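Coordinates from start36.pdb are shown below (PDB, C-alpha atoms).
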ATOM      1  CA  MET A   1      91.982  65.470  45.651
ATOM      2  CA  GLY A   2      90.145  62.433  47.039
ATOM      3  CA  ARG A   3      86.685  61.239  46.186
ATOM      4  CA  GLY A   4      84.003  63.547  47.578
ATOM      5  CA  GLU A   5      86.505  66.253  48.422
ATOM      6  CA  LYS A   6      86.158  69.806  47.163
ATOM      7  CA  HIS A   7      88.783  72.442  46.596
ATOM      8  CA  ALA A   8      89.940  74.000  49.851
ATOM      9  CA  ASP A   9      92.363  76.814  50.564
ATOM     10  CA  ILE A  10      93.798  75.778  53.926
ATOM     11  CA  GLU A  11      96.930  77.817  53.315
ATOM     12  CA  LYS A  12      94.856  80.981  53.040
ATOM     13  CA  PHE A  13      93.098  80.100  56.290
ATOM     14  CA  LEU A  14      96.419  79.576  58.071
ATOM     15  CA  LYS A  15      97.611  83.000  56.905
ATOM     16  CA  LEU A  16      94.640  84.803  58.493
ATOM     17  CA  ASP A  17      95.350  87.139  61.387
ATOM     18  CA  ASP A  18      95.438  85.432  64.770
ATOM     19  CA  ASP A  19      92.116  86.863  65.956
ATOM     20  CA  LYS A  20      90.064  85.757  62.947
ATOM     21  CA  ARG A  21      91.724  82.367  62.711
ATOM     22  CA  GLY A  22      91.196  81.834  66.440
ATOM     23  CA  ARG A  23      87.510  82.758  66.214
ATOM     24  CA  ILE A  24      86.944  80.187  63.466
ATOM     25  CA  LEU A  25      88.902  77.453  65.234
ATOM     26  CA  ASN A  26      87.184  78.025  68.583
ATOM     27  CA  ALA A  27      83.732  78.221  66.993
ATOM     28  CA  ALA A  28      84.342  74.939  65.172
ATOM     29  CA  MET A  29      85.786  73.179  68.254
ATOM     30  CA  LYS A  30      82.845  74.349  70.315
ATOM     31  CA  GLU A  31      80.261  73.140  67.794
ATOM     32  CA  PHE A  32      81.945  69.784  67.156
ATOM     33  CA  ARG A  33      82.526  68.970  70.835
ATOM     34  CA  TYR A  34      79.635  66.474  70.687
ATOM     35  CA  GLY A  35      80.953  64.822  67.543
ATOM     36  CA  PHE A  36      80.839  65.341  63.789
ATOM     37  CA  LYS A  37      77.201  64.427  63.184
ATOM     38  CA  LYS A  38      75.770  66.924  65.670
ATOM     39  CA  GLY A  39      77.937  69.786  64.440
ATOM     40  CA  SER A  40      76.317  72.506  62.325
ATOM     41  CA  THR A  41      78.303  74.708  59.946
ATOM     42  CA  ASP A  42      75.481  77.279  60.187
ATOM     43  CA  ILE A  43      76.197  77.684  63.882
ATOM     44  CA  ILE A  44      79.956  77.746  63.297
ATOM     45  CA  VAL A  45      79.796  80.637  60.820
ATOM     46  CA  LYS A  46      77.394  82.563  63.038
ATOM     47  CA  GLU A  47      79.667  82.106  66.048
ATOM     48  CA  ALA A  48      82.798  82.981  64.063
ATOM     49  CA  GLY A  49      81.233  85.974  62.325
ATOM     50  CA  ILE A  50      81.999  84.845  58.763
ATOM     51  CA  SER A  51      79.956  83.763  55.746
ATOM     52  CA  LYS A  52      79.273  80.128  54.990
ATOM     53  CA  GLY A  53      80.771  80.624  51.548
ATOM     54  CA  LEU A  54      84.038  81.757  53.101
ATOM     55  CA  LEU A  55      84.099  78.790  55.469
ATOM     56  CA  PHE A  56      83.749  76.377  52.561
ATOM     57  CA  HIS A  57      86.282  78.351  50.549
ATOM     58  CA  TYR A  58      88.793  77.646  53.288
ATOM     59  CA  PHE A  59      87.835  74.024  53.985
ATOM     60  CA  GLY A  60      85.811  72.676  51.035
ATOM     61  CA  THR A  61      83.252  70.582  52.929
ATOM     62  CA  LYS A  62      82.068  69.943  56.456
ATOM     63  CA  GLU A  63      83.976  66.638  56.403
ATOM     64  CA  GLN A  64      87.192  68.343  55.323
ATOM     65  CA  LEU A  65      86.735  71.006  57.998
ATOM     66  CA  TYR A  66      86.320  68.338  60.676
ATOM     67  CA  ALA A  67      89.304  66.329  59.450
ATOM     68  CA  PHE A  68      91.474  69.454  59.465
ATOM     69  CA  LEU A  69      90.268  70.370  62.937
ATOM     70  CA  VAL A  70      91.089  66.947  64.372
ATOM     71  CA  HIS A  71      94.612  67.033  62.981
ATOM     72  CA  HIS A  72      95.149  70.675  63.963
ATOM     73  CA  ALA A  73      93.866  70.141  67.517
ATOM     74  CA  SER A  74      96.147  67.131  67.881
ATOM     75  CA  GLU A  75      99.125  69.195  66.733
ATOM     76  CA  LEU A  76      98.219  71.944  69.209
ATOM     77  CA  MET A  77      98.054  69.424  72.050
ATOM     78  CA  GLN A  78     101.421  67.978  71.092
ATOM     79  CA  LYS A  79     103.169  71.333  70.610
ATOM     80  CA  ASP A  80     101.582  73.436  73.357
ATOM     81  CA  TYR A  81     101.018  70.768  76.012
ATOM     82  CA  PHE A  82     102.994  67.546  75.700
ATOM     83  CA  ASP A  83     106.166  69.123  74.294
ATOM     84  CA  MET A  84     106.120  71.744  77.067
ATOM     85  CA  MET A  85     105.957  69.242  79.915
ATOM     86  CA  ASN A  86     108.801  68.865  82.341
ATOM     87  CA  LEU A  87     108.543  65.256  83.405
ATOM     88  CA  GLY A  88     111.609  65.513  85.603
ATOM     89  CA  HIS A  89     109.513  66.413  88.671
ATOM     90  CA  LYS A  90     110.180  63.991  91.493
ATOM     91  CA  ASP A  91     107.684  65.747  93.738
ATOM     92  CA  ILE A  92     104.410  64.263  92.509
ATOM     93  CA  LEU A  93     102.362  67.102  94.019
ATOM     94  CA  GLU A  94     104.447  69.706  92.178
ATOM     95  CA  GLY A  95     104.119  67.622  89.011
ATOM     96  CA  PHE A  96     100.314  67.666  89.167
ATOM     97  CA  TRP A  97     100.341  71.401  89.849
ATOM     98  CA  GLN A  98     102.586  72.148  86.869
ATOM     99  CA  LEU A  99     100.365  70.048  84.572
ATOM    100  CA  ALA A 100      97.343  72.055  85.732
ATOM    101  CA  LEU A 101      99.095  75.372  85.033
ATOM    102  CA  LEU A 102     100.191  74.169  81.605
ATOM    103  CA  LYS A 103      96.634  73.168  80.801
ATOM    104  CA  LYS A 104      95.459  76.656  81.765
ATOM    105  CA  ASP A 105      97.908  78.198  79.285
ATOM    106  CA  ILE A 106      96.409  76.289  76.369
ATOM    107  CA  THR A 107      92.775  76.654  77.447
ATOM    108  CA  ASP A 108      93.243  80.428  77.704
ATOM    109  CA  GLN A 109      93.780  80.441  73.947
ATOM    110  CA  TYR A 110      91.529  77.529  72.992
ATOM    111  CA  PRO A 111      88.746  77.159  75.602
ATOM    112  CA  PHE A 112      87.088  74.286  73.726
ATOM    113  CA  LEU A 113      90.184  72.265  72.783
ATOM    114  CA  TYR A 114      89.832  69.610  75.470
ATOM    115  CA  ALA A 115      86.080  69.351  75.002
ATOM    116  CA  PHE A 116      86.560  68.923  71.257
ATOM    117  CA  ILE A 117      89.266  66.261  71.582
ATOM    118  CA  ASN A 118      87.181  64.426  74.178
ATOM    119  CA  GLY A 119      84.146  64.571  71.857
ATOM    120  CA  THR A 120      86.202  63.394  68.902
ATOM    121  CA  TYR A 121      87.312  60.342  70.863
ATOM    122  CA  THR A 122      83.914  59.661  72.451
ATOM    123  CA  HIS A 123      82.108  59.955  69.116
ATOM    124  CA  ARG A 124      84.837  58.437  66.965
ATOM    125  CA  SER A 125      82.283  56.193  65.232
ATOM    126  CA  ASP A 126      81.001  59.380  63.508
ATOM    127  CA  PHE A 127      84.241  59.543  61.560
ATOM    128  CA  PRO A 128      85.963  56.130  61.856
ATOM    129  CA  ASP A 129      88.727  56.953  59.357
ATOM    130  CA  LEU A 130      90.229  59.493  61.749
ATOM    131  CA  GLU A 131      92.387  57.820  64.370
ATOM    132  CA  VAL A 132      94.484  60.817  65.385
ATOM    133  CA  THR A 133      93.084  61.141  68.884
ATOM    134  CA  GLU A 134      94.011  57.617  70.006
ATOM    135  CA  PRO A 135      97.722  58.511  70.341
ATOM    136  CA  LEU A 136      96.718  61.526  72.464
ATOM    137  CA  VAL A 137      94.843  59.263  74.865
ATOM    138  CA  GLN A 138      97.837  56.938  75.104
ATOM    139  CA  ARG A 139     100.173  59.922  75.560
ATOM    140  CA  HIS A 140      98.081  61.163  78.497
ATOM    141  CA  ILE A 141      98.295  57.721  80.098
ATOM    142  CA  ALA A 142     102.058  57.627  79.563
ATOM    143  CA  VAL A 143     102.512  61.084  81.116
ATOM    144  CA  TYR A 144     100.749  60.092  84.326
ATOM    145  CA  ARG A 145     102.577  56.771  84.449
ATOM    146  CA  GLU A 146     105.907  58.590  84.123
ATOM    147  CA  LEU A 147     104.867  61.008  86.855
ATOM    148  CA  TYR A 148     104.208  58.082  89.194
ATOM    149  CA  ASP A 149     107.368  56.225  88.145
ATOM    150  CA  HIS A 150     109.579  59.235  88.941
ATOM    151  CA  CYS A 151     107.877  60.023  92.244
ATOM    152  CA  ASP A 152     110.417  60.490  95.038
ATOM    153  CA  THR A 153     108.908  58.598  97.954
ATOM    154  CA  THR A 154     111.662  59.839 100.293
ATOM    155  CA  LEU A 155     109.644  63.079 100.478
ATOM    156  CA  PHE A 156     106.883  61.154 102.256
ATOM    157  CA  ARG A 157     106.667  60.505 105.968
ATOM    158  CA  GLU A 158     108.224  57.193 106.911
ATOM    159  CA  ASP A 159     105.272  56.089 109.043
ATOM    160  CA  ILE A 160     102.738  55.896 106.182
ATOM    161  CA  ASP A 161     102.266  53.470 103.320
ATOM    162  CA  HIS A 162     103.752  55.320 100.329
ATOM    163  CA  GLU A 163     101.869  53.345  97.697
ATOM    164  CA  LYS A 164      98.551  53.997  99.405
ATOM    165  CA  ALA A 165      99.381  57.702  99.753
ATOM    166  CA  ILE A 166     100.144  57.913  96.026
ATOM    167  CA  ASP A 167      96.887  56.082  95.269
ATOM    168  CA  ILE A 168      94.908  58.578  97.353
ATOM    169  CA  ILE A 169      96.601  61.513  95.586
ATOM    170  CA  SER A 170      96.013  59.945  92.174
ATOM    171  CA  TRP A 171      92.353  59.123  92.779
ATOM    172  CA  THR A 172      91.641  62.586  94.132
ATOM    173  CA  VAL A 173      93.353  64.455  91.288
ATOM    174  CA  ASP A 174      91.740  62.202  88.652
ATOM    175  CA  SER A 175      88.331  62.856  90.190
ATOM    176  CA  LEU A 176      88.852  66.619  90.385
ATOM    177  CA  VAL A 177      90.079  66.834  86.789
ATOM    178  CA  GLY A 178      87.302  64.563  85.495
ATOM    179  CA  ASP A 179      84.555  66.520  87.260
ATOM    180  CA  ALA A 180      85.996  69.869  86.153
ATOM    181  CA  ASP A 181      86.371  68.744  82.519
ATOM    182  CA  ALA A 182      82.825  67.366  82.461
ATOM    183  CA  LYS A 183      81.485  70.656  83.845
ATOM    184  CA  ALA A 184      83.470  72.660  81.292
ATOM    185  CA  ILE A 185      82.202  70.490  78.431
ATOM    186  CA  SER A 186      78.582  70.851  79.530
ATOM    187  CA  GLU A 187      78.976  74.621  79.903
ATOM    188  CA  GLY A 188      80.726  75.094  76.555
ATOM    189  CA  GLY A 189      84.403  75.175  77.440
ATOM    190  CA  TRP A 190      86.781  76.634  79.987
ATOM    191  CA  ASP A 191      86.763  80.264  80.989
ATOM    192  CA  ASP A 192      89.190  82.130  83.251
ATOM    193  CA  GLU A 193      86.833  82.161  86.221
ATOM    194  CA  GLY A 194      86.011  78.472  85.949
ATOM    195  CA  TYR A 195      89.614  77.389  85.602
ATOM    196  CA  ASP A 196      90.721  79.636  88.459
ATOM    197  CA  ARG A 197      88.127  77.941  90.680
ATOM    198  CA  PHE A 198      89.495  74.561  89.630
ATOM    199  CA  LEU A 199      93.067  75.680  90.416
ATOM    200  CA  ASP A 200      92.000  76.938  93.846
ATOM    201  CA  THR A 201      90.296  73.627  94.595
ATOM    202  CA  LEU A 202      93.227  71.588  93.328
ATOM    203  CA  LYS A 203      95.734  73.646  95.330
ATOM    204  CA  GLY A 204      93.660  73.154  98.462
ATOM    205  CA  TYR A 205      93.838  69.374  98.104
ATOM    206  CA  LEU A 206      97.531  69.386  97.192
ATOM    207  CA  ASP A 207      98.285  71.511 100.275
ATOM    208  CA  ILE A 208      96.407  69.031 102.474
ATOM    209  CA  PHE A 209      98.331  66.108 100.964
ATOM    210  CA  ARG A 210     101.619  67.931 101.474
ATOM    211  CA  SER A 211     100.734  68.647 105.098
ATOM    212  CA  CYS A 212      99.526  65.097 105.834
ATOM    213  CA  PHE A 213     101.844  62.904 103.764
ATOM    214  CA  TYR A 214     105.150  64.809 103.510
ATOM    215  CA  LYS A 215     107.932  65.074 106.075
ATOM    216  CA  LYS A 216     107.748  68.154 108.243
ATOM    217  CA  GLY A 217     110.478  70.729 107.793
ATOM    218  CA  ASP A 218     111.750  69.169 104.573
ATOM    219  CA  GLU A 219     112.536  71.856 101.968
ATOM    220  CA  ASN A 220     110.210  70.207  99.476
ATOM    221  CA  GLY A 221     107.539  69.647 102.063
ATOM    222  CA  LYS A 222     107.167  73.161 103.458
TER     223      LYS A 222
END

Please, can you express the file's structure as structure tokens?
Amino acid sequence: MGRGEKHADIEKFLKLDDDKRGRILNAAMKEFRYGFKKGSTDIIVKEAGISKGLLFHYFGTKEQLYAFLVHHASELMQKDYFDMMNLGHKDILEGFWQLALLKKDITDQYPFLYAFINGTYTHRSDFPDLEVTEPLVQRHIAVYRELYDHCDTTLFREDIDHEKAIDIISWTVDSLVGDADAKAISEGGWDDEGYDRFLDTLKGYLDIFRSCFYKKGDENGK
């Protein structure tokens, strides 16, 4: 046990039933979405419906709770998001749509996951020893780069500039995702209604791009 650490029973926490474990994880992600320093364990236990003594029995200290949460959230992102991606899509519009659906799957279970990871990275000076989120940022960049690299430009109309069309698609999707994530963070995480609105908006733009940029009558461009 390191200096300043207290006994924790993480194994017991991990063996809790899914509902109770999920309540604690989501309460902690929600409270720490603005960084470690602003997070309150009093609010976490109230939100999760457990005693403060039980929280510290599981995690030892606030610092140990936060460190566990960062590592656990990173593992969830890797297992339930990155490892589930099919980067073989050559249709860039279909690729963006599948990424959005995959994100919905994970936010259904952990509404505050993205807000927490974003807050961990934004406020990384609160806890400089934790560098787990940096690889996630780089992984996101790599995913989008691979999506662009595998884009099949033969799906596009021949009379338009393909690079400019891809730029327009990229800028639009980045803006939509950024605005939606910022709104979700400010409102305390994703909910079904909010994400469904985002999907409707995204689909509307993707349909317009398909209609304007893709060849007519092509099987992938219908």

Requested in this report: Would you mind listing what lies within 9 Å of stretch 173-175 of chain A as number ranges by chain, with only C-alpha atoms counted and same-chain residues fewer than 6 positions away left out?
Outcome: A: 96, 202, 205-206

Query raised in the report: Taking the file as shown, what set of residues would the PyMOL selection byres ((chain A and resi 169) around 9) give back, as a VMD selection string?
Result: chain A and resid 92 to 93 164 to 168 170 to 174 205 to 206 209

**Report entry** Given the PyMOL selection byres ((chain A and resi 16-24) around 8), the residues it picks as a PyMOL selection string
**Finding:** chain A and resi 12-15+25-28+44-45+47-48+110

Query raised in the report: Got a sec to resolve the PyMOL selection byres ((chain A and resi 101-107) around 9) on this structure and send the residues as a PyMOL selection string?
Result: chain A and resi 76-77+80-81+84-85+96-100+108-114+189-192+195-196+199

Give me a file of those residues, with C-alpha atoms, as a compact mmCIF listing (two decimals), keeping the file's coordinate frame.
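What ended up in part-v2.txt:
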# COMPACT_ATOMS: atom_id res chain seq x y z
CA LEU A 76 98.22 71.94 69.21
CA MET A 77 98.05 69.42 72.05
CA ASP A 80 101.58 73.44 73.36
CA TYR A 81 101.02 70.77 76.01
CA MET A 84 106.12 71.74 77.07
CA MET A 85 105.96 69.24 79.92
CA PHE A 96 100.31 67.67 89.17
CA TRP A 97 100.34 71.40 89.85
CA GLN A 98 102.59 72.15 86.87
CA LEU A 99 100.36 70.05 84.57
CA ALA A 100 97.34 72.06 85.73
CA ASP A 108 93.24 80.43 77.70
CA GLN A 109 93.78 80.44 73.95
CA TYR A 110 91.53 77.53 72.99
CA PRO A 111 88.75 77.16 75.60
CA PHE A 112 87.09 74.29 73.73
CA LEU A 113 90.18 72.26 72.78
CA TYR A 114 89.83 69.61 75.47
CA GLY A 189 84.40 75.18 77.44
CA TRP A 190 86.78 76.63 79.99
CA ASP A 191 86.76 80.26 80.99
CA ASP A 192 89.19 82.13 83.25
CA TYR A 195 89.61 77.39 85.60
CA ASP A 196 90.72 79.64 88.46
CA LEU A 199 93.07 75.68 90.42

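If you look at atom CA of A:Val177 and atom CA of A:Tyr148, they are 16.8 Å away from each other.
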
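Of the listed residues A:Leu147, A:Ile141, A:Leu69, A:Leu136, the one whose atoms come nearest to A:Glu31 is A:Leu69, with distances taken using all atoms listed in the file.
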